[in-house]
>>> print(open('data30.txt').read())   # compact mmCIF, C-alpha atoms
# COMPACT_ATOMS: atom_id res chain seq x y z
CA MET A 46 45.96 -34.05 -6.69
CA PRO A 47 47.14 -34.58 -10.25
CA ILE A 48 50.12 -32.40 -11.10
CA TYR A 49 50.42 -31.06 -14.61
CA ILE A 50 53.43 -28.91 -15.25
CA ARG A 51 52.36 -27.48 -18.58
CA HIS A 52 51.32 -24.33 -16.76
CA PRO A 53 53.16 -22.54 -13.90
CA ASP A 54 49.95 -22.26 -11.87
CA ASN A 55 50.22 -25.97 -11.22
CA LEU A 56 53.49 -25.39 -9.40
CA ARG A 57 51.72 -22.73 -7.34
CA ILE A 58 49.02 -25.28 -6.44
CA VAL A 59 51.67 -27.73 -5.23
CA ALA A 60 53.31 -24.92 -3.25
CA ARG A 61 49.95 -24.00 -1.68
CA GLU A 62 49.32 -27.62 -0.66
CA ILE A 63 52.79 -27.81 0.87
CA ARG A 64 52.08 -24.62 2.82
CA GLU A 65 48.83 -26.13 4.12
CA LEU A 66 50.73 -29.18 5.32
CA THR A 67 53.30 -26.92 6.95
CA ALA A 68 50.64 -24.90 8.78
CA ALA A 69 49.10 -28.08 10.16
CA LEU A 70 52.45 -29.38 11.37
CA ASP A 71 52.61 -28.33 14.99
CA VAL A 72 53.58 -30.00 18.24
CA PRO A 73 52.35 -28.05 21.25
CA GLU A 74 54.67 -28.00 24.25
CA HIS A 75 52.55 -30.39 26.36
CA SER A 76 51.47 -32.89 23.71
CA SER A 77 50.95 -36.56 24.31
CA PRO A 78 52.93 -39.09 22.28
CA GLU A 79 49.65 -40.12 20.63
CA THR A 80 48.95 -36.56 19.45
CA VAL A 81 52.45 -36.24 18.04
CA ALA A 82 52.15 -39.64 16.34
CA TYR A 83 48.86 -38.63 14.75
CA THR A 84 50.15 -35.25 13.58
CA ALA A 85 53.46 -36.55 12.22
CA GLY A 86 51.88 -39.68 10.75
CA ALA A 87 49.11 -37.80 8.97
CA ARG A 88 51.60 -35.32 7.46
CA LEU A 89 53.94 -38.14 6.46
CA LYS A 90 51.04 -39.88 4.70
CA ALA A 91 50.04 -36.69 2.85
CA LEU A 92 53.64 -36.02 1.83
CA SER A 93 53.98 -39.60 0.63
CA ARG A 94 50.99 -39.16 -1.68
CA MET A 95 52.38 -35.86 -2.94
CA ALA A 96 55.83 -37.39 -3.48
CA GLU A 97 54.25 -40.26 -5.41
CA GLU A 98 52.41 -37.88 -7.73
CA MET A 99 55.52 -35.76 -8.30
CA SER A 100 57.51 -38.93 -9.00
CA ASN A 101 54.96 -40.09 -11.54
CA VAL A 102 55.10 -36.75 -13.34
CA MET A 103 58.89 -36.76 -13.33
CA LEU A 104 59.13 -40.38 -14.50
CA TYR A 105 57.03 -39.56 -17.52
CA GLY A 106 58.59 -36.14 -18.03
CA LEU A 107 62.16 -37.36 -17.79
CA THR A 108 61.73 -40.57 -19.77
CA GLY A 109 58.94 -39.69 -22.21
CA PRO A 110 58.84 -37.27 -25.07
CA VAL A 111 59.52 -33.68 -24.13
CA SER A 112 57.48 -31.16 -25.98
CA THR A 113 58.36 -27.76 -24.50
CA ASP A 114 61.09 -25.90 -22.68
CA ALA A 115 58.54 -25.07 -19.96
CA GLU A 116 58.06 -28.77 -19.30
CA LEU A 117 61.81 -29.23 -18.96
CA ARG A 118 62.00 -26.35 -16.48
CA GLY A 119 58.90 -27.67 -14.69
CA ASN A 120 60.51 -31.10 -14.30
CA SER A 121 63.55 -29.44 -12.79
CA ALA A 122 61.37 -27.52 -10.33
CA LEU A 123 59.52 -30.70 -9.32
CA ALA A 124 62.80 -32.57 -8.84
CA ALA A 125 63.95 -29.88 -6.41
CA ALA A 126 60.57 -29.99 -4.66
CA SER A 127 60.87 -33.75 -4.34
CA ALA A 128 64.19 -33.36 -2.58
CA GLY A 129 62.68 -30.92 -0.07
CA THR A 130 59.66 -33.17 0.43
CA ALA A 131 61.91 -36.18 1.03
CA GLN A 132 63.87 -34.23 3.62
CA ALA A 133 60.63 -33.36 5.46
CA MET A 134 59.50 -36.98 5.27
CA GLU A 135 62.78 -38.14 6.78
CA SER A 136 62.38 -35.69 9.67
CA LEU A 137 58.81 -36.85 10.28
CA ALA A 138 59.89 -40.50 10.21
CA GLU A 139 62.51 -39.72 12.86
CA THR A 140 59.78 -38.00 14.89
CA LEU A 141 57.74 -41.20 14.79
CA GLN A 142 60.79 -43.19 15.90
CA GLN A 143 61.04 -40.99 18.98
CA VAL A 144 57.32 -41.42 19.69
CA ALA A 145 57.80 -45.19 19.42
CA PHE A 146 60.64 -44.90 21.95
CA LEU A 147 58.42 -42.92 24.34
CA ASN A 148 55.64 -45.49 24.02
CA GLU A 149 58.00 -48.41 24.50
CA TYR A 150 59.27 -47.16 27.85
CA THR A 151 56.07 -45.66 29.32
CA LYS A 152 55.43 -48.64 31.62
CA LEU A 153 58.91 -48.76 33.14
CA PRO A 154 59.37 -47.54 36.69
CA PRO A 155 60.55 -43.95 36.91
CA SER A 156 64.29 -43.35 37.11
CA SER A 157 66.57 -40.40 36.46
CA ASP A 158 68.07 -42.04 33.36
CA LEU A 159 64.64 -42.74 31.94
CA ALA A 160 63.52 -39.17 32.64
CA ASP A 161 66.59 -37.84 30.82
CA ALA A 162 65.92 -40.19 27.89
CA ARG A 163 62.29 -39.01 27.69
CA ASP A 164 63.35 -35.37 27.81
CA SER A 165 65.87 -36.04 25.04
CA ALA A 166 63.21 -37.79 22.96
CA TRP A 167 60.87 -34.80 23.31
CA SER A 168 63.69 -32.46 22.37
CA VAL A 169 64.41 -34.52 19.26
CA ILE A 170 60.70 -34.57 18.40
CA HIS A 171 60.49 -30.79 18.50
CA ASP A 172 63.73 -30.42 16.51
CA ARG A 173 62.62 -32.86 13.81
CA VAL A 174 59.19 -31.28 13.46
CA GLU A 175 60.86 -27.89 13.10
CA GLU A 176 63.24 -29.33 10.48
CA ALA A 177 60.27 -30.73 8.55
CA ARG A 178 58.46 -27.40 8.77
CA THR A 179 61.55 -25.53 7.52
CA ALA A 180 62.11 -27.98 4.65
CA LEU A 181 58.48 -27.66 3.56
CA HIS A 182 58.52 -23.87 3.86
CA ASP A 183 61.69 -23.63 1.77
CA THR A 184 60.26 -26.05 -0.80
CA ALA A 185 57.06 -24.01 -1.15
CA ASP A 186 59.08 -20.80 -1.51
CA GLN A 187 61.23 -22.36 -4.23
CA LEU A 188 58.20 -23.70 -6.11
CA GLU A 189 56.59 -20.26 -6.08
CA ALA A 190 59.81 -18.69 -7.36
CA ASP A 191 60.03 -21.34 -10.09
CA ALA A 192 56.40 -20.71 -11.03
CA ARG A 193 57.10 -16.98 -11.38
CA ARG A 194 60.15 -17.71 -13.51
CA LEU A 195 58.21 -20.13 -15.72
CA ALA A 196 55.39 -17.62 -16.16
CA GLN A 197 57.80 -15.10 -17.66
CA SER A 198 58.51 -15.45 -21.31
CA PRO A 199 62.05 -16.49 -22.10
CA GLN A 200 64.15 -13.37 -22.48
CA ARG A 201 67.12 -12.93 -24.68
CA ALA A 202 70.45 -12.23 -23.12
CA ALA A 203 70.56 -8.66 -21.85
CA GLY A 204 73.10 -6.25 -23.20
CA ARG A 205 73.43 -8.04 -26.47
CA SER A 206 74.59 -5.61 -29.10
CA THR A 207 73.74 -5.93 -32.73
CA VAL A 208 76.89 -6.31 -34.73
CA PRO A 209 76.46 -5.80 -38.44
CA THR A 210 77.05 -8.99 -40.30
CA PRO A 211 78.64 -8.89 -43.72
CA GLN A 212 76.09 -9.22 -46.43
CA ALA A 213 76.40 -12.05 -48.79
CA GLN A 214 78.66 -11.26 -51.69
CA ARG A 215 76.77 -10.84 -54.89
CA PRO A 216 78.43 -11.74 -58.10
CA PRO A 217 79.44 -8.69 -60.09
CA ALA A 218 76.86 -7.43 -62.51
CA PRO A 219 77.50 -8.67 -65.98
CA ALA A 220 79.15 -6.21 -68.31
CA SER A 221 76.82 -4.73 -70.80
CA ILE A 222 77.08 -6.45 -74.09
CA SER A 223 76.31 -4.61 -77.18
CA THR A 224 73.62 -6.19 -79.26
CA THR A 225 74.82 -4.66 -82.47
CA ILE A 226 76.61 -6.96 -84.77
CA ARG A 227 80.10 -6.01 -85.58
CA ARG A 228 81.51 -6.96 -88.83
CA ARG A 229 84.92 -8.02 -89.29
CA PRO A 230 86.91 -5.68 -91.30
CA THR A 231 87.82 -7.04 -94.69
CA LEU A 232 91.31 -6.81 -95.99
>>> encode(input="data30.txt", output="structure tokens")
Amino acid sequence: MPIYIRHPDNLRIVAREIRELTAALDVPEHSSPETVAYTAGARLKALSRMAEEMSNVMLYGLTGPVSTDAELRGNSALAAASAGTAQAMESLAETLQQVAFLNEYTKLPPSSDLADARDSAWSVIHDRVEEARTALHDTADQLEADARRLAQSPQRAAGRSTVPTPQAQRPPAPASISTTIRRRPTL
């Protein structure tokens, strides 16, 4: 998905894709570690691609020539979206760590300590998936708000009164000069 920020609709497209990822991010109560790993891993991969594309746009936008104010505001919106995406990616990475823990200790004989550790791991999985979902939801909301703001034409400051400015001083009009020739009186 190439991201072009010259038009606010592109931010809406990014927001829509983030919402699709959010909707697909679910861990049912009785999931297997493999199902969780697949769900979290697939979303992490998709977010990584999205983060890479946003990074490419920002690298060019923040280091290359800037041509419009909309591009500057669009870069700012993408930078904020990148932060939210990174937060979701971190939560999903922690989810995968917990799945790895569950897989590592599946073959051990049952014990009360191991049961508590597994319950804690599942609790952390659900918490981290919810954190990722919240971060993505908030990011999509912010992108949509930024897109609306970018779509509006820049407005002048409200309540600005017009104060008369002094007009430029004109030089005084030249005095009328008589064109008749005056003769000097003779003595």
>>> atom_distance(input="data30.txt", atom1="CA of His182 in chain A", atom2="CA of Asp114 in chain A")
26.7 Å
>>> closest_residue(input="data30.txt", among="A:Leu153, A:Ala131, A:Ala69, A:Ala125", to="Ala85 in chain A", atoms="only C-alpha atoms")
A:Ala69
>>> closest_residue(input="data30.txt", among="A:Arg178, A:Phe146, A:Thr140, A:Gln187", to="Glu65 in chain A", atoms="all atoms listed in the file")
A:Arg178
>>> atom_distance(input="data30.txt", atom1="CA of Glu116 in chain A", atom2="CA of Val102 in chain A")
10.4 Å
>>> closest_residue(input="data30.txt", among="A:Leu56, A:Leu181, A:Ala96, A:Gly109", to="Gly129 in chain A", atoms="only C-alpha atoms")
A:Leu181
>>> atom_distance(input="data30.txt", atom1="CA of Glu175 in chain A", atom2="CA of Arg88 in chain A")
13.1 Å
>>> closest_residue(input="data30.txt", among="A:Met103, A:Gln132, A:Ile58, A:Ala145", to="Arg118 in chain A", atoms="only C-alpha atoms")
A:Met103
>>> residues_around(input="data30.txt", residues="Ala185 in chain A", least_positions_apart="3", cutoff="8 Å", atoms="all atoms listed in the file", output="ChimeraX atom specification")
/A:59-61,63-64,126,181-182,188-189
>>> decode(input="data30.txt", residues="range 126-138 of chain A", atoms="all heavy atoms", output="PDB file, in the first residue's frame")
ATOM      1  N   ALA A 126       0.905   8.502  13.829  1.00  0.00           N
ATOM      2  CA  ALA A 126       0.392   7.160  13.518  1.00  0.00           C
ATOM      3  C   ALA A 126       1.482   6.117  13.682  1.00  0.00           C
ATOM      4  O   ALA A 126       1.220   4.992  14.137  1.00  0.00           O
ATOM      5  CB  ALA A 126      -0.165   7.120  12.098  1.00  0.00           C
ATOM      6  N   SER A 127       2.709   6.472  13.342  1.00  0.00           N
ATOM      7  CA  SER A 127       3.821   5.536  13.511  1.00  0.00           C
ATOM      8  C   SER A 127       4.043   5.195  14.984  1.00  0.00           C
ATOM      9  O   SER A 127       4.347   4.056  15.321  1.00  0.00           O
ATOM     10  CB  SER A 127       5.101   6.125  12.926  1.00  0.00           C
ATOM     11  OG  SER A 127       4.991   6.217  11.545  1.00  0.00           O
ATOM     12  N   ALA A 128       3.876   6.192  15.834  1.00  0.00           N
ATOM     13  CA  ALA A 128       4.036   5.945  17.267  1.00  0.00           C
ATOM     14  C   ALA A 128       2.974   4.968  17.769  1.00  0.00           C
ATOM     15  O   ALA A 128       3.264   4.040  18.518  1.00  0.00           O
ATOM     16  CB  ALA A 128       3.973   7.256  18.043  1.00  0.00           C
ATOM     17  N   GLY A 129       1.723   5.157  17.344  1.00  0.00           N
ATOM     18  CA  GLY A 129       0.650   4.246  17.738  1.00  0.00           C
ATOM     19  C   GLY A 129       0.848   2.853  17.180  1.00  0.00           C
ATOM     20  O   GLY A 129       0.594   1.847  17.852  1.00  0.00           O
ATOM     21  N   THR A 130       1.329   2.775  15.939  1.00  0.00           N
ATOM     22  CA  THR A 130       1.596   1.488  15.310  1.00  0.00           C
ATOM     23  C   THR A 130       2.726   0.768  16.039  1.00  0.00           C
ATOM     24  O   THR A 130       2.659  -0.446  16.262  1.00  0.00           O
ATOM     25  CB  THR A 130       1.955   1.701  13.824  1.00  0.00           C
ATOM     26  OG1 THR A 130       0.873   2.383  13.190  1.00  0.00           O
ATOM     27  CG2 THR A 130       2.194   0.397  13.125  1.00  0.00           C
ATOM     28  N   ALA A 131       3.755   1.507  16.415  1.00  0.00           N
ATOM     29  CA  ALA A 131       4.881   0.904  17.146  1.00  0.00           C
ATOM     30  C   ALA A 131       4.426   0.368  18.501  1.00  0.00           C
ATOM     31  O   ALA A 131       4.871  -0.703  18.932  1.00  0.00           O
ATOM     32  CB  ALA A 131       5.997   1.934  17.325  1.00  0.00           C
ATOM     33  N   GLN A 132       3.546   1.091  19.148  1.00  0.00           N
ATOM     34  CA  GLN A 132       3.018   0.629  20.438  1.00  0.00           C
ATOM     35  C   GLN A 132       2.258  -0.685  20.256  1.00  0.00           C
ATOM     36  O   GLN A 132       2.415  -1.614  21.045  1.00  0.00           O
ATOM     37  CB  GLN A 132       2.114   1.695  21.044  1.00  0.00           C
ATOM     38  CG  GLN A 132       1.573   1.346  22.400  1.00  0.00           C
ATOM     39  CD  GLN A 132       0.655   2.438  22.939  1.00  0.00           C
ATOM     40  OE1 GLN A 132       0.433   3.466  22.316  1.00  0.00           O
ATOM     41  NE2 GLN A 132       0.115   2.200  24.116  1.00  0.00           N
ATOM     42  N   ALA A 133       1.444  -0.781  19.214  1.00  0.00           N
ATOM     43  CA  ALA A 133       0.697  -2.014  18.940  1.00  0.00           C
ATOM     44  C   ALA A 133       1.659  -3.156  18.611  1.00  0.00           C
ATOM     45  O   ALA A 133       1.467  -4.295  19.059  1.00  0.00           O
ATOM     46  CB  ALA A 133      -0.281  -1.791  17.794  1.00  0.00           C
ATOM     47  N   MET A 134       2.701  -2.846  17.851  1.00  0.00           N
ATOM     48  CA  MET A 134       3.679  -3.879  17.499  1.00  0.00           C
ATOM     49  C   MET A 134       4.392  -4.399  18.743  1.00  0.00           C
ATOM     50  O   MET A 134       4.639  -5.605  18.865  1.00  0.00           O
ATOM     51  CB  MET A 134       4.681  -3.322  16.490  1.00  0.00           C
ATOM     52  CG  MET A 134       4.074  -3.079  15.123  1.00  0.00           C
ATOM     53  SD  MET A 134       5.161  -2.186  13.984  1.00  0.00           S
ATOM     54  CE  MET A 134       6.487  -3.362  13.793  1.00  0.00           C
ATOM     55  N   GLU A 135       4.706  -3.513  19.645  1.00  0.00           N
ATOM     56  CA  GLU A 135       5.358  -3.928  20.899  1.00  0.00           C
ATOM     57  C   GLU A 135       4.444  -4.864  21.688  1.00  0.00           C
ATOM     58  O   GLU A 135       4.893  -5.899  22.204  1.00  0.00           O
ATOM     59  CB  GLU A 135       5.709  -2.705  21.734  1.00  0.00           C
ATOM     60  CG  GLU A 135       6.385  -3.046  23.050  1.00  0.00           C
ATOM     61  CD  GLU A 135       6.698  -1.820  23.888  1.00  0.00           C
ATOM     62  OE1 GLU A 135       6.468  -0.683  23.441  1.00  0.00           O
ATOM     63  OE2 GLU A 135       7.173  -2.024  25.022  1.00  0.00           O
ATOM     64  N   SER A 136       3.163  -4.521  21.768  1.00  0.00           N
ATOM     65  CA  SER A 136       2.217  -5.377  22.493  1.00  0.00           C
ATOM     66  C   SER A 136       2.089  -6.742  21.832  1.00  0.00           C
ATOM     67  O   SER A 136       2.022  -7.775  22.517  1.00  0.00           O
ATOM     68  CB  SER A 136       0.842  -4.708  22.574  1.00  0.00           C
ATOM     69  OG  SER A 136       0.921  -3.530  23.345  1.00  0.00           O
ATOM     70  N   LEU A 137       2.062  -6.775  20.507  1.00  0.00           N
ATOM     71  CA  LEU A 137       1.968  -8.054  19.805  1.00  0.00           C
ATOM     72  C   LEU A 137       3.245  -8.872  19.968  1.00  0.00           C
ATOM     73  O   LEU A 137       3.189 -10.105  20.080  1.00  0.00           O
ATOM     74  CB  LEU A 137       1.657  -7.823  18.329  1.00  0.00           C
ATOM     75  CG  LEU A 137       0.266  -7.277  18.036  1.00  0.00           C
ATOM     76  CD1 LEU A 137       0.116  -6.946  16.564  1.00  0.00           C
ATOM     77  CD2 LEU A 137      -0.810  -8.258  18.487  1.00  0.00           C
ATOM     78  N   ALA A 138       4.393  -8.229  19.999  1.00  0.00           N
ATOM     79  CA  ALA A 138       5.649  -8.943  20.229  1.00  0.00           C
ATOM     80  C   ALA A 138       5.656  -9.573  21.625  1.00  0.00           C
ATOM     81  O   ALA A 138       6.108 -10.714  21.806  1.00  0.00           O
ATOM     82  CB  ALA A 138       6.837  -8.000  20.054  1.00  0.00           C
TER      83      ALA A 138
END
